[in-house]
Amino acid sequence: MASSSSSQPITLTYLTVDVFTSTRYLGNPLAVVLIPASLRPRLTQEIKQLIAREFNFSETVFLHTLDDEARDGLSATSREIDIFTIEEELPFAGHPTVGTAYLVLSHLGWKHVDTLVTKAGPIAIRLTLEGSGRVKATIPHAVHVHSQTLGGILEKAEVKAETRDLINAALSDDPEIREAELNGPVVSIVRGMTFLLAKLPSLKHLAKVSTAKRLDFNKVEGLLDKGEWESGFVCRYYYVPTEGEKRAEESGRKEFKFRTRMVELGFEDPATGSAACTLASYLTVSGRETGGARLELTQGVEMGRRSEIEVEATAVEKNGEVKVKDLYLGGTAVVVTKGSIYVS
């Protein structure tokens, strides 16, 4: 790649992949920018944020590589990644993890790499079936169900008028969707990544969800529990069961199928792996599913980018509480474009 001199522009390789699909132009687009070790000091937070805005995808990944992967690649089995939205860096996100895992293991063929290191911690990755392109990632988690809901905030006598107006303006005009938004549990999958889980009664209601009803959760005081949990990315995740719940006879694992949508920040996300992991974790904990849970989720249908997501959660019971032990996110991806991006 180009000169590492700070006075010269640099050229970086990027690829785009569609994630949670094996069909191009479906799934969730992701840009992955490769950053050789010698150029890492040049890529400041500001520059990475600018690049993410240039791609204008829901997320962009910066994959830190060795300077000569062909020569030195086998010397390290982990690679660091940074995940950016168009507005901020995230500690973890699902579709960037699966997309990057596919790129590393299947497209680039770096089968010796078994770990992606995110700001939320290391993530073990593997191919589930040789030649299939399907990958599975072991997801870091620190599941926390917050004590408050949007409805609970509005019921407080001391709630500020501007907070009340902010929430009411962002709620759906449909009474059943509105009820789900007001009463949905607020759950963090890791510190800094939180979802309001809104269960809707039908696919008809799911289709009514509007991208125009943006809620700036950072301005909703008291929604998130105090301390280490009270900041970070928050959005709404809507889901509808498409089949009755089943239980696997041998394992006792509960199995679910859902259609979902993630609408926030003034746009819709075609596939949200972190939200799917959050939902699986919440169902496991709240339902006391000691046998764990497996979810098959279809997202992005309404926007013409159908995505297929798989999540598995195992559980352990400690001191009378059921907790998530291990969490796995699975799917596939397909490369769409490859090119160069120039940084001054």
# chains A, B, ... in the order shown; residues from 1 in each chain; ligands from 1
$ closest_atom_pairs --of "region 86-158 of chain A" --to "region 196-209 of chain A" --cutoff "10 Å" --atoms "only C-alpha atoms" --output "JSON lines"
{"residue": "A:His146", "atom": "CA", "partner": "A:Leu196", "partner_atom": "CA", "distance": 9.9}
{"residue": "A:Thr149", "atom": "CA", "partner": "A:Leu196", "partner_atom": "CA", "distance": 8.4}
{"residue": "A:Leu150", "atom": "CA", "partner": "A:Leu196", "partner_atom": "CA", "distance": 9.0}
$ closest_atom_pairs --of "region 71-129 of chain A" --to "region 13-19 of chain A" --cutoff "12 Å" --atoms "only C-alpha atoms" --output "JSON lines"
{"residue": "A:Gly94", "atom": "CA", "partner": "A:Val19", "partner_atom": "CA", "distance": 9.9}
{"residue": "A:His95", "atom": "CA", "partner": "A:Val19", "partner_atom": "CA", "distance": 6.3}
{"residue": "A:Pro96", "atom": "CA", "partner": "A:Val19", "partner_atom": "CA", "distance": 8.0}
{"residue": "A:Thr97", "atom": "CA", "partner": "A:Val19", "partner_atom": "CA", "distance": 9.6}
{"residue": "A:Val98", "atom": "CA", "partner": "A:Val19", "partner_atom": "CA", "distance": 7.1}
{"residue": "A:Gly99", "atom": "CA", "partner": "A:Val19", "partner_atom": "CA", "distance": 5.4}
{"residue": "A:Thr100", "atom": "CA", "partner": "A:Val17", "partner_atom": "CA", "distance": 8.7}
{"residue": "A:Ala101", "atom": "CA", "partner": "A:Val19", "partner_atom": "CA", "distance": 10.4}
{"residue": "A:Tyr102", "atom": "CA", "partner": "A:Val19", "partner_atom": "CA", "distance": 8.7}
{"residue": "A:Leu103", "atom": "CA", "partner": "A:Val17", "partner_atom": "CA", "distance": 8.0}
{"residue": "A:Val104", "atom": "CA", "partner": "A:Leu15", "partner_atom": "CA", "distance": 11.4}
{"residue": "A:His107", "atom": "CA", "partner": "A:Val17", "partner_atom": "CA", "distance": 10.3}
{"residue": "A:Leu108", "atom": "CA", "partner": "A:Leu15", "partner_atom": "CA", "distance": 11.0}
$ residues_around --residues "Ile81 (chain A)" --least-positions-apart "6" --cutoff "7 Å" --atoms "only C-alpha atoms" --output "list of chain:residue names"
A:Val61, A:Phe62, A:Leu63, A:His64, A:Leu116, A:Val117, A:Thr118
$ select_by_dssp --residues "region 48-192 of chain A" --states "strand (DSSP E or B)" --output "ChimeraX atom specification"
/A:60-65,78-84,89-90,115-118,121-127,135-138,144-145,186-190
$ residues_around --residues "region 243-258 of chain A" --least-positions-apart "6" --cutoff "12 Å" --atoms "only C-alpha atoms" --output "PyMOL selection string"
chain A and resi 199-203+206+237+276+279-280+283-285+287-299+307-315
$ write_last_selection --atoms "N, CA, C and O atoms" --output "compact mmCIF listing (two decimals), in the first residue's frame"
# COMPACT_ATOMS: atom_id res chain seq x y z
N LYS A 199 -42.74 -6.33 21.46
CA LYS A 199 -43.42 -7.48 20.86
C LYS A 199 -44.77 -7.03 20.30
O LYS A 199 -45.61 -6.50 21.02
N LEU A 200 -44.96 -7.25 18.99
CA LEU A 200 -46.18 -6.82 18.32
C LEU A 200 -47.10 -8.02 18.05
O LEU A 200 -46.63 -9.16 17.92
N PRO A 201 -48.41 -7.76 17.93
CA PRO A 201 -49.36 -8.87 17.81
C PRO A 201 -49.44 -9.51 16.43
O PRO A 201 -49.96 -10.62 16.30
N SER A 202 -48.96 -8.85 15.37
CA SER A 202 -49.13 -9.42 14.03
C SER A 202 -48.13 -8.80 13.05
O SER A 202 -47.54 -7.73 13.31
N LEU A 203 -47.98 -9.45 11.90
CA LEU A 203 -47.14 -8.92 10.83
C LEU A 203 -47.74 -7.63 10.26
O LEU A 203 -47.01 -6.77 9.77
N LEU A 206 -46.35 -5.04 12.35
CA LEU A 206 -44.94 -4.86 12.05
C LEU A 206 -44.76 -3.98 10.82
O LEU A 206 -43.86 -3.13 10.76
N TYR A 237 -36.44 -2.37 18.92
CA TYR A 237 -36.40 -3.59 18.12
C TYR A 237 -37.77 -4.26 18.22
O TYR A 237 -38.22 -4.63 19.29
N ALA A 276 -30.83 -9.20 17.88
CA ALA A 276 -31.26 -10.59 17.92
C ALA A 276 -30.66 -11.31 19.12
O ALA A 276 -31.34 -12.10 19.79
N LEU A 279 -32.54 -10.15 22.24
CA LEU A 279 -33.84 -10.81 22.36
C LEU A 279 -33.67 -12.24 22.85
O LEU A 279 -34.41 -12.69 23.75
N ALA A 280 -32.72 -12.98 22.29
CA ALA A 280 -32.48 -14.36 22.73
C ALA A 280 -32.10 -14.39 24.21
O ALA A 280 -32.57 -15.26 24.96
N LEU A 283 -35.29 -13.60 26.40
CA LEU A 283 -36.22 -14.71 26.45
C LEU A 283 -35.68 -15.85 27.32
O LEU A 283 -36.45 -16.52 28.02
N THR A 284 -34.38 -16.05 27.27
CA THR A 284 -33.77 -17.09 28.09
C THR A 284 -33.87 -16.75 29.58
O THR A 284 -34.25 -17.58 30.40
N VAL A 285 -33.55 -15.50 29.91
CA VAL A 285 -33.53 -15.09 31.32
C VAL A 285 -34.95 -14.93 31.87
O VAL A 285 -35.28 -15.46 32.93
N GLY A 287 -37.79 -16.08 30.72
CA GLY A 287 -38.56 -17.31 30.67
C GLY A 287 -37.96 -18.44 31.47
O GLY A 287 -38.51 -19.55 31.47
N ARG A 288 -36.83 -18.17 32.13
CA ARG A 288 -36.12 -19.18 32.94
C ARG A 288 -35.88 -20.44 32.11
O ARG A 288 -36.17 -21.56 32.55
N GLU A 289 -35.36 -20.22 30.91
CA GLU A 289 -35.11 -21.33 30.00
C GLU A 289 -33.76 -21.97 30.32
O GLU A 289 -32.73 -21.65 29.73
N THR A 290 -33.75 -22.88 31.28
CA THR A 290 -32.50 -23.50 31.71
C THR A 290 -31.88 -24.35 30.60
O THR A 290 -30.68 -24.62 30.61
N GLY A 291 -32.71 -24.77 29.63
CA GLY A 291 -32.19 -25.51 28.48
C GLY A 291 -31.69 -24.62 27.37
O GLY A 291 -31.24 -25.09 26.33
N GLY A 292 -31.78 -23.31 27.59
CA GLY A 292 -31.33 -22.36 26.59
C GLY A 292 -32.39 -22.08 25.54
O GLY A 292 -33.54 -22.50 25.67
N ALA A 293 -32.00 -21.35 24.51
CA ALA A 293 -32.94 -20.95 23.46
C ALA A 293 -32.23 -20.89 22.11
O ALA A 293 -31.04 -20.61 22.04
N ARG A 294 -33.00 -21.15 21.06
CA ARG A 294 -32.50 -20.99 19.69
C ARG A 294 -33.52 -20.18 18.92
O ARG A 294 -34.71 -20.49 18.94
N LEU A 295 -33.05 -19.13 18.24
CA LEU A 295 -33.92 -18.23 17.51
C LEU A 295 -33.55 -18.23 16.03
O LEU A 295 -32.35 -18.16 15.69
N GLU A 296 -34.56 -18.31 15.17
CA GLU A 296 -34.40 -18.03 13.74
C GLU A 296 -35.18 -16.75 13.46
O GLU A 296 -36.39 -16.70 13.71
N LEU A 297 -34.50 -15.72 12.97
CA LEU A 297 -35.12 -14.43 12.78
C LEU A 297 -34.97 -13.97 11.34
O LEU A 297 -33.89 -14.09 10.75
N THR A 298 -36.05 -13.44 10.80
CA THR A 298 -36.04 -12.86 9.45
C THR A 298 -36.29 -11.37 9.58
O THR A 298 -37.29 -10.95 10.18
N GLN A 299 -35.40 -10.57 9.03
CA GLN A 299 -35.48 -9.11 9.13
C GLN A 299 -35.26 -8.49 7.76
O GLN A 299 -34.73 -9.13 6.85
N SER A 307 -33.11 -10.74 5.35
CA SER A 307 -31.93 -11.23 6.07
C SER A 307 -32.33 -12.39 6.97
O SER A 307 -33.42 -12.35 7.57
N GLU A 308 -31.47 -13.40 7.07
CA GLU A 308 -31.74 -14.57 7.90
C GLU A 308 -30.68 -14.67 8.99
O GLU A 308 -29.49 -14.80 8.69
N ILE A 309 -31.11 -14.62 10.24
CA ILE A 309 -30.22 -14.57 11.39
C ILE A 309 -30.50 -15.76 12.30
O ILE A 309 -31.66 -16.13 12.52
N GLU A 310 -29.44 -16.36 12.85
CA GLU A 310 -29.59 -17.44 13.81
C GLU A 310 -28.87 -17.08 15.10
O GLU A 310 -27.75 -16.56 15.07
N VAL A 311 -29.53 -17.34 16.22
CA VAL A 311 -28.93 -17.09 17.53
C VAL A 311 -29.18 -18.30 18.42
O VAL A 311 -30.28 -18.86 18.43
N GLU A 312 -28.17 -18.69 19.17
CA GLU A 312 -28.31 -19.74 20.17
C GLU A 312 -27.80 -19.22 21.51
O GLU A 312 -26.76 -18.55 21.57
N ALA A 313 -28.53 -19.53 22.56
CA ALA A 313 -28.13 -19.15 23.91
C ALA A 313 -28.16 -20.38 24.80
O ALA A 313 -29.13 -21.15 24.77
N THR A 314 -27.10 -20.60 25.57
CA THR A 314 -27.12 -21.62 26.60
C THR A 314 -27.26 -20.93 27.94
O THR A 314 -26.98 -19.73 28.07
N ALA A 315 -27.72 -21.67 28.93
CA ALA A 315 -28.06 -21.04 30.20
C ALA A 315 -27.49 -21.83 31.38
O ALA A 315 -27.17 -23.02 31.27
$ residues_around --residues "Arg164 (chain A)" --least-positions-apart "2" --cutoff "12 Å" --atoms "only C-alpha atoms" --output "list in words"
Leu150, Gly151, Gly152, Ile153, Leu154, Glu155, Lys156, Ala157, Glu158, Val159, Lys160, Ala161, Glu162, Leu166, Ile167, Asn168, Ala169, Ala170, Leu171, Leu215, Lys219, Val220 and Glu221 of chain A
$ write_last_selection --atoms "N, CA, C and O atoms" --output "PDB file, in the first residue's frame"
ATOM      1  N   LEU A 150     -40.395   3.028  29.003  1.00  0.00           N
ATOM      2  CA  LEU A 150     -40.875   4.346  28.581  1.00  0.00           C
ATOM      3  C   LEU A 150     -42.187   4.689  29.289  1.00  0.00           C
ATOM      4  O   LEU A 150     -42.400   5.831  29.706  1.00  0.00           O
ATOM      5  N   GLY A 151     -43.069   3.694  29.416  1.00  0.00           N
ATOM      6  CA  GLY A 151     -44.321   3.939  30.123  1.00  0.00           C
ATOM      7  C   GLY A 151     -44.097   4.316  31.572  1.00  0.00           C
ATOM      8  O   GLY A 151     -44.787   5.197  32.107  1.00  0.00           O
ATOM      9  N   GLY A 152     -43.127   3.666  32.201  1.00  0.00           N
ATOM     10  CA  GLY A 152     -42.808   3.995  33.582  1.00  0.00           C
ATOM     11  C   GLY A 152     -42.290   5.411  33.738  1.00  0.00           C
ATOM     12  O   GLY A 152     -42.599   6.091  34.727  1.00  0.00           O
ATOM     13  N   ILE A 153     -41.519   5.858  32.751  1.00  0.00           N
ATOM     14  CA  ILE A 153     -41.016   7.242  32.786  1.00  0.00           C
ATOM     15  C   ILE A 153     -42.191   8.221  32.728  1.00  0.00           C
ATOM     16  O   ILE A 153     -42.254   9.198  33.486  1.00  0.00           O
ATOM     17  N   LEU A 154     -43.151   7.971  31.841  1.00  0.00           N
ATOM     18  CA  LEU A 154     -44.292   8.884  31.687  1.00  0.00           C
ATOM     19  C   LEU A 154     -45.198   8.890  32.915  1.00  0.00           C
ATOM     20  O   LEU A 154     -45.886   9.885  33.181  1.00  0.00           O
ATOM     21  N   GLU A 155     -45.192   7.802  33.667  1.00  0.00           N
ATOM     22  CA  GLU A 155     -46.040   7.731  34.861  1.00  0.00           C
ATOM     23  C   GLU A 155     -45.448   8.471  36.053  1.00  0.00           C
ATOM     24  O   GLU A 155     -46.160   8.741  37.030  1.00  0.00           O
ATOM     25  N   LYS A 156     -44.184   8.819  35.980  1.00  0.00           N
ATOM     26  CA  LYS A 156     -43.540   9.509  37.105  1.00  0.00           C
ATOM     27  C   LYS A 156     -44.045  10.950  37.187  1.00  0.00           C
ATOM     28  O   LYS A 156     -44.043  11.674  36.196  1.00  0.00           O
ATOM     29  N   ALA A 157     -44.460  11.351  38.375  1.00  0.00           N
ATOM     30  CA  ALA A 157     -45.005  12.703  38.562  1.00  0.00           C
ATOM     31  C   ALA A 157     -43.969  13.778  38.276  1.00  0.00           C
ATOM     32  O   ALA A 157     -44.306  14.882  37.824  1.00  0.00           O
ATOM     33  N   GLU A 158     -42.690  13.459  38.524  1.00  0.00           N
ATOM     34  CA  GLU A 158     -41.643  14.471  38.384  1.00  0.00           C
ATOM     35  C   GLU A 158     -41.011  14.517  36.998  1.00  0.00           C
ATOM     36  O   GLU A 158     -40.028  15.250  36.785  1.00  0.00           O
ATOM     37  N   VAL A 159     -41.551  13.768  36.040  1.00  0.00           N
ATOM     38  CA  VAL A 159     -40.962  13.774  34.709  1.00  0.00           C
ATOM     39  C   VAL A 159     -41.056  15.174  34.109  1.00  0.00           C
ATOM     40  O   VAL A 159     -42.068  15.863  34.229  1.00  0.00           O
ATOM     41  N   LYS A 160     -39.969  15.595  33.460  1.00  0.00           N
ATOM     42  CA  LYS A 160     -39.941  16.917  32.855  1.00  0.00           C
ATOM     43  C   LYS A 160     -40.886  16.985  31.658  1.00  0.00           C
ATOM     44  O   LYS A 160     -41.072  16.008  30.939  1.00  0.00           O
ATOM     45  N   ALA A 161     -41.462  18.150  31.434  1.00  0.00           N
ATOM     46  CA  ALA A 161     -42.404  18.335  30.330  1.00  0.00           C
ATOM     47  C   ALA A 161     -41.728  18.052  28.991  1.00  0.00           C
ATOM     48  O   ALA A 161     -42.340  17.437  28.096  1.00  0.00           O
ATOM     49  N   GLU A 162     -40.460  18.476  28.832  1.00  0.00           N
ATOM     50  CA  GLU A 162     -39.781  18.258  27.556  1.00  0.00           C
ATOM     51  C   GLU A 162     -39.505  16.770  27.315  1.00  0.00           C
ATOM     52  O   GLU A 162     -39.533  16.291  26.177  1.00  0.00           O
ATOM     53  N   LEU A 166     -41.036  14.660  24.258  1.00  0.00           N
ATOM     54  CA  LEU A 166     -40.089  13.935  23.407  1.00  0.00           C
ATOM     55  C   LEU A 166     -40.551  12.497  23.196  1.00  0.00           C
ATOM     56  O   LEU A 166     -40.559  11.986  22.069  1.00  0.00           O
ATOM     57  N   ILE A 167     -40.930  11.821  24.282  1.00  0.00           N
ATOM     58  CA  ILE A 167     -41.372  10.425  24.193  1.00  0.00           C
ATOM     59  C   ILE A 167     -42.670  10.317  23.407  1.00  0.00           C
ATOM     60  O   ILE A 167     -42.796   9.506  22.477  1.00  0.00           O
ATOM     61  N   ASN A 168     -43.650  11.147  23.743  1.00  0.00           N
ATOM     62  CA  ASN A 168     -44.951  11.065  23.089  1.00  0.00           C
ATOM     63  C   ASN A 168     -44.853  11.318  21.590  1.00  0.00           C
ATOM     64  O   ASN A 168     -45.551  10.690  20.790  1.00  0.00           O
ATOM     65  N   ALA A 169     -43.988  12.229  21.190  1.00  0.00           N
ATOM     66  CA  ALA A 169     -43.835  12.542  19.769  1.00  0.00           C
ATOM     67  C   ALA A 169     -43.218  11.388  18.992  1.00  0.00           C
ATOM     68  O   ALA A 169     -43.433  11.260  17.773  1.00  0.00           O
ATOM     69  N   ALA A 170     -42.460  10.535  19.680  1.00  0.00           N
ATOM     70  CA  ALA A 170     -41.750   9.448  19.011  1.00  0.00           C
ATOM     71  C   ALA A 170     -42.526   8.139  19.004  1.00  0.00           C
ATOM     72  O   ALA A 170     -42.126   7.187  18.317  1.00  0.00           O
ATOM     73  N   LEU A 171     -43.625   8.062  19.746  1.00  0.00           N
ATOM     74  CA  LEU A 171     -44.398   6.830  19.818  1.00  0.00           C
ATOM     75  C   LEU A 171     -45.273   6.663  18.588  1.00  0.00           C
ATOM     76  O   LEU A 171     -45.680   7.631  17.950  1.00  0.00           O
ATOM     77  N   LEU A 215     -36.544   8.622  18.186  1.00  0.00           N
ATOM     78  CA  LEU A 215     -36.466   8.974  19.598  1.00  0.00           C
ATOM     79  C   LEU A 215     -35.007   9.062  20.008  1.00  0.00           C
ATOM     80  O   LEU A 215     -34.263   8.083  19.879  1.00  0.00           O
ATOM     81  N   LYS A 219     -31.724  11.633  25.580  1.00  0.00           N
ATOM     82  CA  LYS A 219     -32.427  12.723  26.252  1.00  0.00           C
ATOM     83  C   LYS A 219     -33.554  12.232  27.176  1.00  0.00           C
ATOM     84  O   LYS A 219     -34.243  13.043  27.788  1.00  0.00           O
ATOM     85  N   VAL A 220     -33.729  10.902  27.253  1.00  0.00           N
ATOM     86  CA  VAL A 220     -34.765  10.331  28.117  1.00  0.00           C
ATOM     87  C   VAL A 220     -34.127   9.986  29.462  1.00  0.00           C
ATOM     88  O   VAL A 220     -33.618   8.883  29.669  1.00  0.00           O
ATOM     89  N   GLU A 221     -34.142  10.934  30.366  1.00  0.00           N
ATOM     90  CA  GLU A 221     -33.487  10.752  31.666  1.00  0.00           C
ATOM     91  C   GLU A 221     -34.200   9.680  32.477  1.00  0.00           C
ATOM     92  O   GLU A 221     -35.423   9.637  32.549  1.00  0.00           O
TER      93      GLU A 221
END
$ atom_distance --atom1 "CA of Ser22 (chain A)" --atom2 "CA of Arg306 (chain A)"
10.6 Å
$ residues_around --residues "Met193 (chain A)" --least-positions-apart "2" --cutoff "8 Å" --atoms "only C-alpha atoms" --output "list of chain:residue names"
A:Leu90, A:Pro91, A:Phe92, A:Ser188, A:Ile189, A:Val190, A:Arg191, A:Phe195, A:Gly232, A:Phe233, A:Val234
$ select_by_dssp --residues "region 146-238 of chain A" --states "alpha helix (DSSP H)" --output "short mmCIF file (atom, residue, chain, number, x, y, z; two decimals) with N, CA, C and O atoms, in the first residue's frame"
data_model
loop_
_atom_site.label_atom_id
_atom_site.label_comp_id
_atom_site.auth_asym_id
_atom_site.auth_seq_id
_atom_site.Cartn_x
_atom_site.Cartn_y
_atom_site.Cartn_z
N LEU A 150 -40.39 3.03 29.00
CA LEU A 150 -40.88 4.35 28.58
C LEU A 150 -42.19 4.69 29.29
O LEU A 150 -42.40 5.83 29.71
N GLY A 151 -43.07 3.69 29.42
CA GLY A 151 -44.32 3.94 30.12
C GLY A 151 -44.10 4.32 31.57
O GLY A 151 -44.79 5.20 32.11
N GLY A 152 -43.13 3.67 32.20
CA GLY A 152 -42.81 4.00 33.58
C GLY A 152 -42.29 5.41 33.74
O GLY A 152 -42.60 6.09 34.73
N ILE A 153 -41.52 5.86 32.75
CA ILE A 153 -41.02 7.24 32.79
C ILE A 153 -42.19 8.22 32.73
O ILE A 153 -42.25 9.20 33.49
N LEU A 154 -43.15 7.97 31.84
CA LEU A 154 -44.29 8.88 31.69
C LEU A 154 -45.20 8.89 32.91
O LEU A 154 -45.89 9.88 33.18
N GLU A 155 -45.19 7.80 33.67
CA GLU A 155 -46.04 7.73 34.86
C GLU A 155 -45.45 8.47 36.05
O GLU A 155 -46.16 8.74 37.03
N ALA A 161 -41.46 18.15 31.43
CA ALA A 161 -42.40 18.34 30.33
C ALA A 161 -41.73 18.05 28.99
O ALA A 161 -42.34 17.44 28.10
N GLU A 162 -40.46 18.48 28.83
CA GLU A 162 -39.78 18.26 27.56
C GLU A 162 -39.51 16.77 27.32
O GLU A 162 -39.53 16.29 26.18
N THR A 163 -39.25 16.02 28.40
CA THR A 163 -39.04 14.57 28.27
C THR A 163 -40.35 13.89 27.87
O THR A 163 -40.37 13.02 26.98
N ARG A 164 -41.46 14.30 28.51
CA ARG A 164 -42.76 13.74 28.18
C ARG A 164 -43.11 14.01 26.71
O ARG A 164 -43.58 13.12 25.99
N ASP A 165 -42.87 15.24 26.27
CA ASP A 165 -43.17 15.60 24.89
C ASP A 165 -42.30 14.83 23.90
O ASP A 165 -42.77 14.41 22.83
N LEU A 166 -41.04 14.66 24.26
CA LEU A 166 -40.09 13.93 23.41
C LEU A 166 -40.55 12.50 23.20
O LEU A 166 -40.56 11.99 22.07
N ILE A 167 -40.93 11.82 24.28
CA ILE A 167 -41.37 10.42 24.19
C ILE A 167 -42.67 10.32 23.41
O ILE A 167 -42.80 9.51 22.48
N ASN A 168 -43.65 11.15 23.74
CA ASN A 168 -44.95 11.07 23.09
C ASN A 168 -44.85 11.32 21.59
O ASN A 168 -45.55 10.69 20.79
N ALA A 169 -43.99 12.23 21.19
CA ALA A 169 -43.84 12.54 19.77
C ALA A 169 -43.22 11.39 18.99
O ALA A 169 -43.43 11.26 17.77
N ALA A 170 -42.46 10.54 19.68
CA ALA A 170 -41.75 9.45 19.01
C ALA A 170 -42.53 8.14 19.00
O ALA A 170 -42.13 7.19 18.32
N PRO A 175 -52.35 2.30 18.31
CA PRO A 175 -52.43 2.08 19.76
C PRO A 175 -51.73 0.81 20.24
O PRO A 175 -51.13 0.80 21.33
N GLU A 176 -51.77 -0.27 19.46
CA GLU A 176 -51.13 -1.52 19.91
C GLU A 176 -49.61 -1.45 19.79
O GLU A 176 -48.89 -1.98 20.64
N ILE A 177 -49.11 -0.80 18.74
CA ILE A 177 -47.66 -0.60 18.64
C ILE A 177 -47.19 0.33 19.76
O ILE A 177 -46.17 0.09 20.40
N ARG A 178 -47.96 1.37 20.00
CA ARG A 178 -47.64 2.33 21.06
C ARG A 178 -47.56 1.63 22.42
O ARG A 178 -46.63 1.86 23.20
N GLU A 179 -48.52 0.74 22.68
CA GLU A 179 -48.51 0.01 23.94
C GLU A 179 -47.25 -0.84 24.07
O GLU A 179 -46.65 -0.94 25.13
N ALA A 180 -46.85 -1.50 22.97
CA ALA A 180 -45.64 -2.32 22.98
C ALA A 180 -44.40 -1.47 23.23
O ALA A 180 -43.47 -1.89 23.93
N GLU A 181 -44.37 -0.27 22.65
CA GLU A 181 -43.23 0.64 22.86
C GLU A 181 -43.17 1.13 24.31
O GLU A 181 -42.09 1.25 24.90
N LEU A 182 -44.33 1.40 24.89
CA LEU A 182 -44.37 1.91 26.26
C LEU A 182 -43.99 0.85 27.27
O LEU A 182 -43.35 1.14 28.30
N ASN A 183 -44.37 -0.41 27.03
CA ASN A 183 -44.20 -1.46 28.02
C ASN A 183 -43.06 -2.43 27.72
O ASN A 183 -42.77 -3.31 28.54
N LEU A 203 -47.98 -9.45 11.90
CA LEU A 203 -47.14 -8.92 10.83
C LEU A 203 -47.74 -7.63 10.26
O LEU A 203 -47.01 -6.77 9.77
N LYS A 204 -49.05 -7.51 10.33
CA LYS A 204 -49.71 -6.27 9.89
C LYS A 204 -49.22 -5.09 10.73
O LYS A 204 -48.96 -4.00 10.20
N HIS A 205 -49.09 -5.30 12.03
CA HIS A 205 -48.58 -4.24 12.90
C HIS A 205 -47.11 -3.97 12.62
O HIS A 205 -46.67 -2.82 12.63
N LEU A 206 -46.35 -5.04 12.35
CA LEU A 206 -44.94 -4.86 12.05
C LEU A 206 -44.76 -3.98 10.82
O LEU A 206 -43.86 -3.13 10.76
N ALA A 207 -45.62 -4.16 9.83
CA ALA A 207 -45.54 -3.38 8.59
C ALA A 207 -45.86 -1.91 8.82
O ALA A 207 -45.46 -1.04 8.03
N LYS A 208 -46.61 -1.61 9.88
CA LYS A 208 -47.00 -0.23 10.17
C LYS A 208 -45.91 0.58 10.87
O LYS A 208 -46.03 1.80 10.97
#
$ closest_atom_pairs --of "region 70-102 of chain A" --to "region 43-57 of chain A" --cutoff "8 Å" --atoms "only C-alpha atoms" --output "Markdown table"
| residue | atom | partner | partner_atom | distance |
| --- | --- | --- | --- | --- |
| A:Phe84 | CA | A:Ala52 | CA | 6.3 |
| A:Thr85 | CA | A:Ala52 | CA | 6.4 |
| A:Ile86 | CA | A:Arg53 | CA | 4.7 |
| A:Glu87 | CA | A:Gln49 | CA | 7.3 |
| A:Glu88 | CA | A:Gln49 | CA | 7.1 |
| A:Glu89 | CA | A:Gln49 | CA | 7.8 |
$ closest_residue --among "A:Val301, A:Val343, A:Val336, A:Ala93" --to "Gly121 (chain A)" --atoms "only C-alpha atoms"
A:Ala93
$ residues_around --residues "Ser210 (chain A)" --least-positions-apart "2" --cutoff "8 Å" --atoms "only C-alpha atoms" --output "list in words"
Ser172, Lys208, Ala212, Lys213 and Val263 of chain A
$ closest_residue --among "A:Cys235, A:Leu224, A:Ile10, A:Ala124" --to "Gly266 (chain A)" --atoms "only C-alpha atoms"
A:Cys235
$ closest_residue --among "A:Thr242, A:Thr21, A:Ser58, A:Gln148" --to "Gly133 (chain A)" --atoms "only C-alpha atoms"
A:Thr21
$ closest_residue --among "A:Leu12, A:Ala76, A:Val186, A:Leu30" --to "Thr272 (chain A)" --atoms "only C-alpha atoms"
A:Leu30
$ atom_distance --atom1 "CA of Lys325 (chain A)" --atom2 "CA of Ile83 (chain A)"
24.6 Å
$ decode --residues "region 290-296 of chain A" --atoms "N, CA, C and O atoms" --output "short mmCIF file (atom, residue, chain, number, x, y, z; two decimals), in the first residue's frame"
data_model
loop_
_atom_site.label_atom_id
_atom_site.label_comp_id
_atom_site.auth_asym_id
_atom_site.auth_seq_id
_atom_site.Cartn_x
_atom_site.Cartn_y
_atom_site.Cartn_z
N THR A 290 -33.75 -22.88 31.28
CA THR A 290 -32.50 -23.50 31.71
C THR A 290 -31.88 -24.35 30.60
O THR A 290 -30.68 -24.62 30.61
N GLY A 291 -32.71 -24.77 29.63
CA GLY A 291 -32.19 -25.51 28.48
C GLY A 291 -31.69 -24.62 27.37
O GLY A 291 -31.24 -25.09 26.33
N GLY A 292 -31.78 -23.31 27.59
CA GLY A 292 -31.33 -22.36 26.59
C GLY A 292 -32.39 -22.08 25.54
O GLY A 292 -33.54 -22.50 25.67
N ALA A 293 -32.00 -21.35 24.51
CA ALA A 293 -32.94 -20.95 23.46
C ALA A 293 -32.23 -20.89 22.11
O ALA A 293 -31.04 -20.61 22.04
N ARG A 294 -33.00 -21.15 21.06
CA ARG A 294 -32.50 -20.99 19.69
C ARG A 294 -33.52 -20.18 18.92
O ARG A 294 -34.71 -20.49 18.94
N LEU A 295 -33.05 -19.13 18.24
CA LEU A 295 -33.92 -18.23 17.51
C LEU A 295 -33.55 -18.23 16.03
O LEU A 295 -32.35 -18.16 15.69
N GLU A 296 -34.56 -18.31 15.17
CA GLU A 296 -34.40 -18.03 13.74
C GLU A 296 -35.18 -16.75 13.46
O GLU A 296 -36.39 -16.70 13.71
#
